[in-house]
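Asks: Handing over run_32.txt, compact mmCIF, C-alpha atoms and all ligand atoms.
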```
# COMPACT_ATOMS: atom_id res chain seq x y z
CA ALA A 1 -23.09 -3.07 7.32
CA GLN A 2 -21.91 -0.54 9.83
CA GLU A 3 -24.27 -0.35 12.74
CA GLY A 4 -25.89 2.97 13.42
CA GLN A 5 -24.64 4.55 10.27
CA ALA A 6 -26.76 5.54 7.32
CA ARG A 7 -26.00 3.60 4.18
CA PRO A 8 -24.32 6.01 1.78
CA THR A 9 -26.25 6.97 -1.31
CA PRO A 10 -25.15 4.75 -4.19
CA PRO A 11 -23.63 6.52 -7.14
CA SER A 12 -26.08 7.55 -9.82
CA THR A 13 -25.72 9.41 -13.05
CA ASP A 14 -28.21 12.00 -11.87
CA ALA A 15 -26.30 15.13 -12.79
CA ALA A 16 -28.86 17.31 -11.02
CA SER A 17 -28.06 15.93 -7.56
CA ASP A 18 -26.02 18.54 -5.78
CA PRO A 19 -23.24 17.57 -3.37
CA ALA A 20 -24.48 17.94 0.19
CA SER A 21 -22.20 19.04 2.99
CA THR A 22 -24.21 17.24 5.65
CA ARG A 23 -25.77 13.83 6.02
CA SER A 24 -29.09 13.48 7.82
CA LYS A 25 -29.96 10.36 9.77
CA GLY A 26 -33.60 9.31 9.85
CA GLY A 27 -34.97 12.80 10.16
CA ARG A 28 -32.63 13.84 12.98
CA ALA A 29 -30.60 17.03 12.72
CA ALA A 30 -27.96 16.76 10.04
CA GLU A 31 -24.37 16.31 11.21
CA PRO A 32 -21.34 17.49 9.26
CA LEU A 33 -19.85 14.96 6.86
CA PRO A 34 -16.32 13.78 7.59
CA SER A 35 -13.62 15.78 5.89
CA VAL A 36 -11.53 13.65 3.53
CA ARG A 37 -8.42 14.91 1.78
CA ILE A 38 -7.51 13.19 -1.49
CA LEU A 39 -3.78 13.05 -2.22
CA ALA A 40 -3.25 12.22 -5.89
CA THR A 41 -0.06 10.59 -7.14
CA GLY A 42 -1.00 9.48 -10.71
CA GLY A 43 -1.35 5.94 -12.06
CA THR A 44 -3.98 4.43 -14.32
CA ILE A 45 -6.78 5.85 -12.18
CA ALA A 46 -5.66 9.25 -13.50
CA GLY A 47 -4.76 7.91 -16.94
CA ALA A 48 -6.30 8.47 -20.38
CA GLN A 49 -6.29 5.74 -23.00
CA GLY A 50 -3.96 6.40 -25.92
CA SER A 51 -6.31 4.92 -28.51
CA PRO A 52 -9.68 3.18 -28.15
CA GLN A 53 -8.18 -0.16 -29.23
CA GLY A 54 -4.86 0.01 -27.47
CA TYR A 55 -3.67 -0.89 -23.99
CA GLY A 56 -1.34 2.11 -24.03
CA TYR A 57 -2.37 5.14 -22.04
CA LYS A 58 -0.97 8.38 -20.79
CA ALA A 59 -0.39 8.11 -17.04
CA GLY A 60 -1.43 11.04 -14.92
CA ALA A 61 -3.48 12.71 -17.68
CA PHE A 62 -6.12 13.76 -15.18
CA LYS A 63 -5.65 15.99 -12.15
CA VAL A 64 -7.17 15.35 -8.75
CA GLU A 65 -10.05 17.79 -9.44
CA ASP A 66 -10.96 15.77 -12.58
CA LEU A 67 -11.01 12.55 -10.54
CA ILE A 68 -13.34 14.03 -7.93
CA LYS A 69 -15.66 15.53 -10.58
CA GLY A 70 -15.77 12.20 -12.43
CA VAL A 71 -17.57 10.34 -9.63
CA PRO A 72 -21.27 11.13 -9.19
CA ASN A 73 -22.40 11.66 -5.60
CA LEU A 74 -18.90 11.52 -4.13
CA GLY A 75 -19.68 14.78 -2.33
CA LYS A 76 -22.51 13.05 -0.45
CA LEU A 77 -20.03 10.79 1.36
CA ALA A 78 -17.61 13.39 2.65
CA ARG A 79 -16.43 16.97 2.45
CA LEU A 80 -13.71 16.55 -0.14
CA SER A 81 -10.63 18.45 -1.02
CA GLY A 82 -7.74 17.35 -3.18
CA GLU A 83 -4.09 17.97 -3.70
CA GLN A 84 -1.67 16.70 -6.30
CA VAL A 85 1.47 15.28 -4.63
CA VAL A 86 3.04 13.95 -7.85
CA ASN A 87 1.57 12.71 -11.14
CA ILE A 88 3.53 9.58 -12.08
CA GLY A 89 3.14 5.95 -13.05
CA SER A 90 3.79 4.03 -9.84
CA GLN A 91 6.65 2.09 -11.47
CA ASP A 92 8.54 5.37 -10.89
CA MET A 93 7.64 5.56 -7.20
CA ASN A 94 10.72 6.21 -5.08
CA ASP A 95 11.93 6.93 -1.55
CA ALA A 96 11.76 10.72 -2.00
CA VAL A 97 8.06 10.60 -2.98
CA TRP A 98 7.33 8.17 -0.13
CA LEU A 99 8.88 10.55 2.38
CA LYS A 100 7.00 13.53 0.92
CA LEU A 101 3.69 11.63 0.88
CA ALA A 102 4.13 10.26 4.40
CA LYS A 103 5.11 13.63 5.86
CA ARG A 104 2.15 15.34 4.18
CA THR A 105 -0.22 12.60 5.40
CA ASN A 106 1.04 13.00 8.96
CA GLU A 107 0.72 16.77 8.74
CA LEU A 108 -2.88 16.56 7.46
CA LEU A 109 -4.01 13.93 9.95
CA ALA A 110 -2.57 15.92 12.85
CA SER A 111 -5.10 18.64 12.02
CA PRO A 112 -8.57 18.49 13.57
CA ASP A 113 -9.91 19.69 10.20
CA VAL A 114 -9.00 16.43 8.42
CA ASP A 115 -10.75 13.17 9.34
CA ALA A 116 -9.16 10.85 6.75
CA VAL A 117 -6.81 10.69 3.78
CA VAL A 118 -7.37 8.90 0.47
CA VAL A 119 -4.34 8.38 -1.79
CA THR A 120 -4.89 7.73 -5.50
CA HIS A 121 -1.99 5.65 -6.85
CA GLY A 122 -0.86 3.41 -9.70
CA THR A 123 -1.31 -0.27 -8.99
CA ASP A 124 2.20 -1.54 -9.78
CA THR A 125 3.70 -0.45 -6.45
CA LEU A 126 0.47 0.33 -4.60
CA GLU A 127 1.15 -2.37 -2.01
CA GLU A 128 4.61 -1.00 -1.24
CA THR A 129 3.49 2.61 -0.74
CA ALA A 130 0.57 1.39 1.37
CA TYR A 131 2.82 -0.69 3.62
CA PHE A 132 5.33 2.15 3.94
CA LEU A 133 2.53 4.46 5.12
CA ASP A 134 1.21 1.70 7.41
CA LEU A 135 4.57 1.74 9.21
CA VAL A 136 5.18 5.51 9.42
CA VAL A 137 1.79 7.24 9.66
CA LYS A 138 1.32 8.51 13.23
CA SER A 139 -2.46 8.59 13.40
CA ASP A 140 -5.32 6.14 13.79
CA LYS A 141 -7.49 8.13 11.36
CA PRO A 142 -8.31 6.21 8.16
CA VAL A 143 -5.77 6.20 5.34
CA VAL A 144 -7.06 4.49 2.19
CA LEU A 145 -5.14 3.89 -1.03
CA VAL A 146 -7.00 3.36 -4.28
CA GLY A 147 -6.10 2.65 -7.89
CA SER A 148 -7.66 1.20 -10.98
CA MET A 149 -6.76 -1.27 -13.68
CA ARG A 150 -8.41 0.56 -16.56
CA PRO A 151 -7.80 4.17 -17.52
CA ALA A 152 -10.54 6.74 -16.97
CA THR A 153 -11.37 6.82 -20.68
CA ALA A 154 -11.69 3.02 -21.08
CA THR A 155 -14.98 1.21 -21.62
CA SER A 156 -16.06 0.04 -18.13
CA ALA A 157 -13.46 2.15 -16.37
CA ASP A 158 -13.11 0.84 -12.81
CA GLY A 159 -11.59 4.00 -11.31
CA PRO A 160 -14.77 5.95 -10.47
CA GLY A 161 -16.38 3.03 -8.60
CA ASN A 162 -13.15 2.30 -6.78
CA LEU A 163 -12.78 5.95 -5.74
CA TYR A 164 -16.39 6.05 -4.53
CA ASN A 165 -15.77 2.97 -2.36
CA ALA A 166 -12.42 4.31 -1.13
CA VAL A 167 -14.01 7.57 0.05
CA ALA A 168 -16.86 5.60 1.67
CA VAL A 169 -14.31 3.50 3.60
CA ALA A 170 -12.24 6.57 4.55
CA ALA A 171 -15.40 8.30 5.80
CA SER A 172 -16.38 5.30 7.90
CA PRO A 173 -15.69 5.64 11.65
CA GLU A 174 -14.97 1.90 11.72
CA ALA A 175 -11.99 2.30 9.40
CA LYS A 176 -10.22 4.05 12.28
CA GLY A 177 -7.40 2.06 13.88
CA ARG A 178 -7.26 -0.60 11.17
CA GLY A 179 -3.99 0.58 9.67
CA VAL A 180 -3.55 1.68 6.09
CA LEU A 181 -6.09 0.09 3.74
CA ILE A 182 -6.32 -0.52 0.00
CA VAL A 183 -9.77 -0.37 -1.59
CA ILE A 184 -10.17 -1.79 -5.09
CA ASN A 185 -12.61 -4.01 -6.96
CA ASP A 186 -15.19 -3.98 -4.13
CA GLU A 187 -12.68 -5.26 -1.58
CA ILE A 188 -10.86 -3.71 1.36
CA HIS A 189 -7.36 -5.02 2.08
CA ALA A 190 -4.82 -4.41 4.84
CA ALA A 191 -1.70 -2.84 3.35
CA ARG A 192 0.45 -5.52 4.96
CA ASN A 193 -1.44 -8.44 3.45
CA VAL A 194 -2.33 -7.45 -0.07
CA THR A 195 -0.43 -8.08 -3.29
CA LYS A 196 -1.03 -7.51 -6.99
CA THR A 197 -1.46 -10.95 -8.59
CA ASN A 198 -2.50 -10.35 -12.20
CA THR A 199 -1.05 -8.01 -14.81
CA THR A 200 -4.35 -6.73 -16.25
CA ASN A 201 -7.40 -8.22 -14.53
CA VAL A 202 -9.53 -5.90 -12.36
CA GLU A 203 -9.55 -8.70 -9.76
CA THR A 204 -5.81 -8.45 -9.27
CA PHE A 205 -5.38 -7.46 -5.61
CA ARG A 206 -5.46 -10.41 -3.21
CA SER A 207 -4.57 -10.96 0.42
CA LEU A 208 -3.42 -14.48 -0.26
CA ASN A 209 -2.38 -15.58 3.22
CA ARG A 210 -5.20 -14.02 5.24
CA GLY A 211 -8.03 -12.82 3.00
CA PRO A 212 -9.39 -9.28 2.72
CA ALA A 213 -10.11 -6.89 5.60
CA GLY A 214 -13.64 -6.40 4.32
CA VAL A 215 -15.84 -5.87 1.30
CA VAL A 216 -17.52 -2.71 0.02
CA ASN A 217 -20.31 -2.45 -2.51
CA THR A 218 -21.39 1.00 -3.71
CA GLY A 219 -20.23 2.39 -0.41
CA ASP A 220 -21.88 -0.27 1.77
CA ILE A 221 -19.16 -1.75 4.00
CA HIS A 222 -18.80 -5.13 5.68
CA TRP A 223 -15.72 -5.57 7.85
CA TYR A 224 -13.86 -8.79 8.56
CA GLU A 225 -11.11 -9.36 11.17
CA LYS A 226 -8.90 -6.56 12.44
CA MET A 227 -5.14 -6.60 11.81
CA ASP A 228 -3.23 -8.07 14.77
CA LYS A 229 0.17 -6.72 13.69
CA ARG A 230 1.77 -3.43 14.74
CA HIS A 231 1.08 -0.43 12.52
CA THR A 232 0.55 3.37 12.50
CA VAL A 233 0.23 4.60 16.11
CA ASP A 234 1.79 1.34 17.45
CA SER A 235 4.73 1.48 15.07
CA GLU A 236 8.23 2.24 16.38
CA PHE A 237 9.30 3.64 13.01
CA SER A 238 9.45 7.33 12.26
CA ILE A 239 10.50 9.28 9.19
CA ALA A 240 10.39 12.64 10.97
CA GLY A 241 13.67 14.32 10.15
CA GLU A 242 14.71 11.69 7.58
CA SER A 243 15.62 12.94 4.11
CA ALA A 244 16.61 9.57 2.62
CA LEU A 245 16.21 5.85 3.25
CA PRO A 246 18.92 3.18 3.25
CA ARG A 247 19.36 1.25 0.01
CA VAL A 248 17.89 -2.25 0.06
CA ASP A 249 17.96 -4.42 -3.07
CA ILE A 250 15.86 -7.46 -3.93
CA LEU A 251 17.51 -10.43 -5.67
CA TYR A 252 15.46 -13.11 -7.38
CA ALA A 253 16.58 -16.69 -6.75
CA HIS A 254 16.42 -19.33 -9.48
CA ALA A 255 18.06 -22.57 -10.60
CA ASN A 256 21.80 -22.01 -11.07
CA MET A 257 21.71 -18.67 -9.16
CA SER A 258 25.18 -17.17 -9.06
CA PRO A 259 26.47 -14.94 -6.25
CA ASP A 260 27.68 -12.22 -8.64
CA LEU A 261 24.63 -9.98 -8.32
CA ILE A 262 24.82 -10.21 -4.52
CA ASP A 263 28.39 -8.91 -4.56
CA SER A 264 27.42 -6.24 -7.06
CA ALA A 265 24.51 -5.00 -4.94
CA VAL A 266 26.72 -4.65 -1.85
CA LYS A 267 29.51 -3.01 -3.88
CA ASN A 268 26.97 -0.47 -5.15
CA GLY A 269 25.87 0.52 -1.66
CA ALA A 270 23.11 -1.85 -0.56
CA LYS A 271 22.91 -1.91 3.25
CA GLY A 272 20.32 -4.63 3.19
CA LEU A 273 19.37 -7.44 0.81
CA VAL A 274 16.08 -9.25 0.37
CA ILE A 275 16.20 -12.57 -1.41
CA ALA A 276 13.08 -13.57 -3.34
CA GLY A 277 13.98 -17.17 -2.60
CA VAL A 278 12.80 -20.37 -4.24
CA GLY A 279 10.29 -22.30 -2.12
CA ASP A 280 10.42 -21.23 1.52
CA GLY A 281 13.19 -18.71 0.99
CA ASN A 282 15.88 -21.01 -0.36
CA MET A 283 18.73 -20.44 -2.84
CA THR A 284 21.88 -22.04 -4.20
CA GLN A 285 24.78 -22.88 -1.88
CA PRO A 286 27.10 -20.28 -3.51
CA ALA A 287 24.43 -17.60 -2.94
CA LEU A 288 24.02 -18.67 0.72
CA ASP A 289 27.78 -18.63 1.32
CA THR A 290 28.19 -15.20 -0.27
CA LEU A 291 25.33 -13.75 1.75
CA ALA A 292 26.80 -15.16 4.99
CA LYS A 293 30.09 -13.42 4.12
CA HIS A 294 28.30 -10.05 3.72
CA VAL A 295 26.33 -10.55 6.95
CA LYS A 296 29.65 -10.70 8.83
CA LYS A 297 30.42 -7.22 7.45
CA GLY A 298 27.11 -5.75 8.65
CA VAL A 299 24.78 -6.21 5.67
CA VAL A 300 21.32 -7.33 6.80
CA VAL A 301 19.91 -10.23 4.76
CA VAL A 302 16.22 -11.12 4.72
CA ARG A 303 14.99 -14.37 3.20
CA SER A 304 11.59 -13.99 1.52
CA THR A 305 10.02 -16.05 -1.25
CA ARG A 306 9.27 -15.63 -4.93
CA LEU A 307 6.06 -17.61 -4.36
CA PRO A 308 2.82 -15.62 -4.11
CA SER A 309 1.76 -17.08 -0.75
CA GLY A 310 2.98 -18.98 2.29
CA LEU A 311 5.45 -18.16 5.04
CA VAL A 312 9.22 -18.16 5.22
CA LEU A 313 9.88 -19.66 8.64
CA ARG A 314 12.99 -19.05 10.68
CA ASN A 315 15.46 -21.99 10.82
CA ASN A 316 13.20 -24.18 8.71
CA GLU A 317 15.37 -25.37 5.82
CA ILE A 318 18.17 -22.92 6.50
CA ASN A 319 19.91 -22.30 9.83
CA ASP A 320 19.25 -18.56 10.13
CA ASP A 321 20.67 -18.43 13.68
CA GLN A 322 24.01 -19.71 12.46
CA LYS A 323 24.18 -17.58 9.31
CA GLY A 324 22.71 -14.40 10.82
CA PHE A 325 19.82 -14.23 8.36
CA VAL A 326 16.32 -12.85 8.97
CA ALA A 327 13.24 -14.81 7.86
CA SER A 328 10.46 -12.70 6.32
CA GLY A 329 7.47 -14.63 7.71
CA GLU A 330 4.42 -13.50 5.71
CA LEU A 331 6.04 -10.53 3.98
CA ASN A 332 6.69 -10.81 0.27
CA PRO A 333 9.97 -9.45 -1.14
CA ALA A 334 8.58 -5.99 -1.99
CA LYS A 335 7.17 -5.52 1.51
CA SER A 336 10.22 -7.07 3.17
CA ARG A 337 12.25 -4.41 1.40
CA VAL A 338 10.05 -1.61 2.83
CA LEU A 339 10.29 -2.96 6.39
CA LEU A 340 14.04 -3.52 6.10
CA GLN A 341 14.61 0.04 4.87
CA LEU A 342 12.85 1.36 7.98
CA ALA A 343 14.50 -1.21 10.26
CA LEU A 344 17.94 -0.10 9.02
CA LEU A 345 17.20 3.43 10.23
CA GLU A 346 17.23 1.87 13.73
CA THR A 347 19.63 -1.07 13.72
CA LYS A 348 21.89 -3.49 11.81
CA ASP A 349 21.43 -6.22 14.40
CA PRO A 350 19.74 -9.22 12.71
CA THR A 351 18.18 -10.33 16.00
CA ARG A 352 16.39 -6.99 16.36
CA VAL A 353 15.41 -6.98 12.69
CA GLN A 354 14.01 -10.51 13.07
CA ARG A 355 11.90 -9.30 15.99
CA MET A 356 10.52 -6.51 13.75
CA PHE A 357 9.63 -9.02 11.03
CA GLU A 358 7.63 -10.95 13.61
CA GLU A 359 5.80 -7.93 15.04
CA TYR A 360 4.87 -5.94 11.88
N1 LIG B 401 -3.09 -0.17 -13.40
C1 LIG B 401 -2.13 0.63 -13.09
O1 LIG B 401 -2.27 1.53 -12.28
C2 LIG B 401 -0.80 0.36 -13.72
C3 LIG B 401 -0.27 1.60 -14.41
C4 LIG B 401 1.09 2.05 -14.01
N2 LIG B 401 2.11 1.14 -14.41
C5 LIG B 401 1.16 2.38 -12.54
O2 LIG B 401 1.40 1.56 -11.71
O3 LIG B 401 0.96 3.54 -12.23
```
Would you give me this structure, written as structure tokens?
Ligand SMILES: NC(=O)CC[C@H](N)C(=O)O

Replies:
Amino acid sequence: AQEGQARPTPPSTDAASDPASTRSKGGRAAEPLPSVRILATGGTIAGAQGSPQGYGYKAGAFKVEDLIKGVPNLGKLARLSGEQVVNIGSQDMNDAVWLKLAKRTNELLASPDVDAVVVTHGTDTLEETAYFLDLVVKSDKPVVLVGSMRPATATSADGPGNLYNAVAVAASPEAKGRGVLIVINDEIHAARNVTKTNTTNVETFRSLNRGPAGVVNTGDIHWYEKMDKRHTVDSEFSIAGESALPRVDILYAHANMSPDLIDSAVKNGAKGLVIAGVGDGNMTQPALDTLAKHVKKGVVVVRSTRLPSGLVLRNNEINDDQKGFVASGELNPAKSRVLLQLALLETKDPTRVQRMFEEY
């Protein structure tokens, strides 16, 4: 547990308990609670079930005010305010929303009136949005993303408990400087490390290569190791003044992979390509040859893996130096795509991009 900090009151269904604006510590004078802004973007956490039997649900049925009201005692953790950025299923997340969300987050965190930001989000692309923010947020104040696997109206909805824990983490002074975090299913994950591993299970988010950043149970936090990679205030990336991001496509390798889709992606405007390679970032010889041809014309190619864990090491099975490829290291294809989009705002030089893949 965090030293010197009162354990937050666990959620109860006591409707009479009024939200306090201060937290007292062992009889000492009460100090103001941290101010946490909730930025809502939609997803299952804001979804209502279509029918009691069905899986189907209406995404974004609930507004941010509904989400806050739905969690007993949330107001005892922090002074809360909410704003609706978008209300979409995260399968529809796009560069424009990322830029809007990141700029708003930076604006809020630059204010002395805001101590932390919580983003409610669908789980499908949660890890991508989190990593994007990890690379472009210019503050060491906590930024916590949270989602749920069951809609708010489901039996055993997981959203309210997840939101309670997310606000507890955001309100924790020790969350400062850890980069963007994802809180779900009683675990805290670094944006860079976490991935969705199961289509429906509440235990779907895993940091497969490194393990979680901590655990959180009804607001009681236990931290593990700090992230040693560059993020937030140490990041060289900035989206200030950017109105669009370069197009980067992901191509999935498989037996008998043909180079046609590679050519098509480049023809349609991709400035960078990420290969979800077989094994440690491998692919058929025709695919390799076609990629090498596009590298010579300035397209940046990153080799990642379609496997859920493990590293893609430089010059391991493939001579990246000779072909001008970049190896993704620990980053999965979705996160490699995010980093490459930001890298391409700076450079097309594969040596510099490789350095970024080693540092972030
Ligand atoms: N559990 C979820 O959040 C998935 C719902 C939806 N596809 C989304 O990502 O927003």

Asks: Counting all atoms listed in the file, which of A:Glu225, A:Asp95, A:Asp124, A:Glu83 gets nearest to ligand LIG 401 (chain B)?

Replies: A:Asp124

Asks: Box in all listed atoms of stretch 228-233 of chain A, axis-aligned, with 8 Å more on each side; write out centre and edge lengths in Å to one decimal as lines of an AutoDock Vina configuration file.

Replies:
```
center_x = -0.7
center_y = -1.7
center_z = 14.3
size_x = 21.0
size_y = 28.7
size_z = 19.6
```

Asks: Would you list the residues near (4.2, 12.4, 17.5), meaning any protein, DNA or RNA residue with an atom at most 10 Å from that point in file coordinates, counting only C-alpha atoms, as a ChimeraX atom specification?

Replies: /A:106,110,137-139,233,238,240

Asks: For C-alpha atoms, I'd like the residues from the last selection saved as a PDB file, in the frame of the given file.

Replies:
```pdb
ATOM      1  CA  ASN A 106       1.040  13.000   8.960  1.00  0.00           C
ATOM      2  CA  ALA A 110      -2.570  15.920  12.850  1.00  0.00           C
ATOM      3  CA  VAL A 137       1.790   7.240   9.660  1.00  0.00           C
ATOM      4  CA  LYS A 138       1.320   8.510  13.230  1.00  0.00           C
ATOM      5  CA  SER A 139      -2.460   8.590  13.400  1.00  0.00           C
ATOM      6  CA  VAL A 233       0.230   4.600  16.110  1.00  0.00           C
ATOM      7  CA  SER A 238       9.450   7.330  12.260  1.00  0.00           C
ATOM      8  CA  ALA A 240      10.390  12.640  10.970  1.00  0.00           C
TER       9      ALA A 240
END
```

Asks: Using all atoms listed in the file, pick whichever of A:Ala190, A:Ala102, A:Val202, A:Leu74 has the shortest atom-to-atom distance to ligand LIG 401 (chain B).

Replies: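 Distance minimum relative to ligand LIG 401 (chain B) lands on A:Val202.
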
Asks: Excluding A:Ala154 and its own-chain neighbours fewer than 3 positions away, which residues fall within 8 Å of it when counting all atoms listed in the file? Please give them as an mmCIF file with C-alpha atoms, in the coordinates of the input.

Replies:
```
data_model
loop_
_atom_site.group_PDB
_atom_site.id
_atom_site.type_symbol
_atom_site.label_atom_id
_atom_site.label_comp_id
_atom_site.auth_asym_id
_atom_site.auth_seq_id
_atom_site.Cartn_x
_atom_site.Cartn_y
_atom_site.Cartn_z
ATOM 1 C CA ALA A 48 -6.300 8.470 -20.380
ATOM 2 C CA GLN A 49 -6.290 5.740 -23.000
ATOM 3 C CA PRO A 52 -9.680 3.180 -28.150
ATOM 4 C CA ARG A 150 -8.410 0.560 -16.560
ATOM 5 C CA PRO A 151 -7.800 4.170 -17.520
ATOM 6 C CA ALA A 157 -13.460 2.150 -16.370
#
```

Asks: A:Gly241: which residues within 10 Å, counting only C-alpha atoms, same-chain residues fewer than 2 positions away excluded, as a list in words?

Replies: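 What passes the distance filter is Leu99, Lys103, Ser238, Ile239, Ser243 and Ala244 of chain A.
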
Asks: Would you pick out the contacts of A:Leu288 at 12 Å or less, using only C-alpha atoms, so that residues sharing its chain but fewer than 3 positions from it are not included, and give the list as a PyMOL selection string?

Replies: chain A and resi 253+257-260+262-263+275+277+281-285+291-295+301-303+318-320+322-325

Asks: Ranking A:Asn162, A:Ser111, A:Asn94, A:Thr123 by minimum distance to ligand LIG 401 (chain B) and counting only C-alpha atoms and all ligand atoms, which one comes first?

Replies: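 Closest residue, counting only C-alpha atoms and all ligand atoms: A:Thr123.
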
Asks: Which residues are near A:Val338? Cut-off 12 Å, all atoms listed in the file, ignore same chain within fewer than 2 positions. Put them as a CSV table (one decimal) with C-alpha atoms, in the coordinates of the input.

Replies:
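Heads up, here's the output in around_25.csv:
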```
chain,number,residue,atom,x,y,z
A,94,ASN,CA,10.7,6.2,-5.1
A,95,ASP,CA,11.9,6.9,-1.6
A,98,TRP,CA,7.3,8.2,-0.1
A,125,THR,CA,3.7,-0.4,-6.4
A,127,GLU,CA,1.2,-2.4,-2.0
A,128,GLU,CA,4.6,-1.0,-1.2
A,129,THR,CA,3.5,2.6,-0.7
A,130,ALA,CA,0.6,1.4,1.4
A,131,TYR,CA,2.8,-0.7,3.6
A,132,PHE,CA,5.3,2.2,3.9
A,133,LEU,CA,2.5,4.5,5.1
A,134,ASP,CA,1.2,1.7,7.4
A,135,LEU,CA,4.6,1.7,9.2
A,136,VAL,CA,5.2,5.5,9.4
A,191,ALA,CA,-1.7,-2.8,3.4
A,192,ARG,CA,0.4,-5.5,5.0
A,237,PHE,CA,9.3,3.6,13.0
A,245,LEU,CA,16.2,5.8,3.2
A,246,PRO,CA,18.9,3.2,3.2
A,247,ARG,CA,19.4,1.2,0.0
A,248,VAL,CA,17.9,-2.2,0.1
A,249,ASP,CA,18.0,-4.4,-3.1
A,250,ILE,CA,15.9,-7.5,-3.9
A,272,GLY,CA,20.3,-4.6,3.2
A,273,LEU,CA,19.4,-7.4,0.8
A,274,VAL,CA,16.1,-9.2,0.4
A,302,VAL,CA,16.2,-11.1,4.7
A,328,SER,CA,10.5,-12.7,6.3
A,331,LEU,CA,6.0,-10.5,4.0
A,332,ASN,CA,6.7,-10.8,0.3
A,333,PRO,CA,10.0,-9.4,-1.1
A,334,ALA,CA,8.6,-6.0,-2.0
A,335,LYS,CA,7.2,-5.5,1.5
A,336,SER,CA,10.2,-7.1,3.2
A,340,LEU,CA,14.0,-3.5,6.1
A,341,GLN,CA,14.6,0.0,4.9
A,342,LEU,CA,12.8,1.4,8.0
A,343,ALA,CA,14.5,-1.2,10.3
A,344,LEU,CA,17.9,-0.1,9.0
A,345,LEU,CA,17.2,3.4,10.2
A,356,MET,CA,10.5,-6.5,13.8
A,357,PHE,CA,9.6,-9.0,11.0
A,360,TYR,CA,4.9,-5.9,11.9
```

Asks: Since the input is missing atoms for stretch 135-150 of chain A, could you rebuild it with N, CA and C atoms and give the result as a PDB file, in the coordinates of the input?

Replies:
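So the final result, stored in result_32.pdb, reads:
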```pdb
ATOM      1  N   LEU A 135       3.504   1.793   8.204  1.00  0.00           N
ATOM      2  CA  LEU A 135       4.570   1.740   9.210  1.00  0.00           C
ATOM      3  C   LEU A 135       4.976   3.110   9.742  1.00  0.00           C
ATOM      4  N   VAL A 136       4.667   4.192   8.998  1.00  0.00           N
ATOM      5  CA  VAL A 136       5.180   5.510   9.420  1.00  0.00           C
ATOM      6  C   VAL A 136       4.113   6.578   9.668  1.00  0.00           C
ATOM      7  N   VAL A 137       2.846   6.269   9.363  1.00  0.00           N
ATOM      8  CA  VAL A 137       1.790   7.240   9.660  1.00  0.00           C
ATOM      9  C   VAL A 137       1.517   7.227  11.163  1.00  0.00           C
ATOM     10  N   LYS A 138       1.468   8.414  11.766  1.00  0.00           N
ATOM     11  CA  LYS A 138       1.320   8.510  13.230  1.00  0.00           C
ATOM     12  C   LYS A 138      -0.096   8.948  13.599  1.00  0.00           C
ATOM     13  N   SER A 139      -1.068   8.239  13.097  1.00  0.00           N
ATOM     14  CA  SER A 139      -2.460   8.590  13.400  1.00  0.00           C
ATOM     15  C   SER A 139      -3.315   7.345  13.231  1.00  0.00           C
ATOM     16  N   ASP A 140      -4.409   7.268  14.007  1.00  0.00           N
ATOM     17  CA  ASP A 140      -5.320   6.140  13.790  1.00  0.00           C
ATOM     18  C   ASP A 140      -6.481   6.522  12.870  1.00  0.00           C
ATOM     19  N   LYS A 141      -6.445   7.756  12.327  1.00  0.00           N
ATOM     20  CA  LYS A 141      -7.490   8.130  11.360  1.00  0.00           C
ATOM     21  C   LYS A 141      -7.315   7.314  10.080  1.00  0.00           C
ATOM     22  N   PRO A 142      -8.413   7.061   9.358  1.00  0.00           N
ATOM     23  CA  PRO A 142      -8.310   6.210   8.160  1.00  0.00           C
ATOM     24  C   PRO A 142      -7.391   6.790   7.076  1.00  0.00           C
ATOM     25  N   VAL A 143      -6.566   5.896   6.531  1.00  0.00           N
ATOM     26  CA  VAL A 143      -5.770   6.200   5.340  1.00  0.00           C
ATOM     27  C   VAL A 143      -6.069   5.096   4.332  1.00  0.00           C
ATOM     28  N   VAL A 144      -6.602   5.476   3.173  1.00  0.00           N
ATOM     29  CA  VAL A 144      -7.060   4.490   2.190  1.00  0.00           C
ATOM     30  C   VAL A 144      -6.375   4.767   0.851  1.00  0.00           C
ATOM     31  N   LEU A 145      -5.729   3.754   0.304  1.00  0.00           N
ATOM     32  CA  LEU A 145      -5.140   3.890  -1.030  1.00  0.00           C
ATOM     33  C   LEU A 145      -6.056   3.249  -2.059  1.00  0.00           C
ATOM     34  N   VAL A 146      -6.111   3.869  -3.240  1.00  0.00           N
ATOM     35  CA  VAL A 146      -7.000   3.360  -4.280  1.00  0.00           C
ATOM     36  C   VAL A 146      -6.344   3.539  -5.642  1.00  0.00           C
ATOM     37  N   GLY A 147      -6.585   2.570  -6.515  1.00  0.00           N
ATOM     38  CA  GLY A 147      -6.100   2.650  -7.890  1.00  0.00           C
ATOM     39  C   GLY A 147      -7.144   2.070  -8.814  1.00  0.00           C
ATOM     40  N   SER A 148      -6.761   1.856 -10.040  1.00  0.00           N
ATOM     41  CA  SER A 148      -7.660   1.200 -10.980  1.00  0.00           C
ATOM     42  C   SER A 148      -6.828   0.441 -12.001  1.00  0.00           C
ATOM     43  N   MET A 149      -7.461  -0.483 -12.672  1.00  0.00           N
ATOM     44  CA  MET A 149      -6.760  -1.270 -13.680  1.00  0.00           C
ATOM     45  C   MET A 149      -7.013  -0.763 -15.087  1.00  0.00           C
ATOM     46  N   ARG A 150      -8.096   0.022 -15.239  1.00  0.00           N
ATOM     47  CA  ARG A 150      -8.410   0.560 -16.560  1.00  0.00           C
ATOM     48  C   ARG A 150      -8.379   2.085 -16.489  1.00  0.00           C
TER      49      ARG A 150
END
```
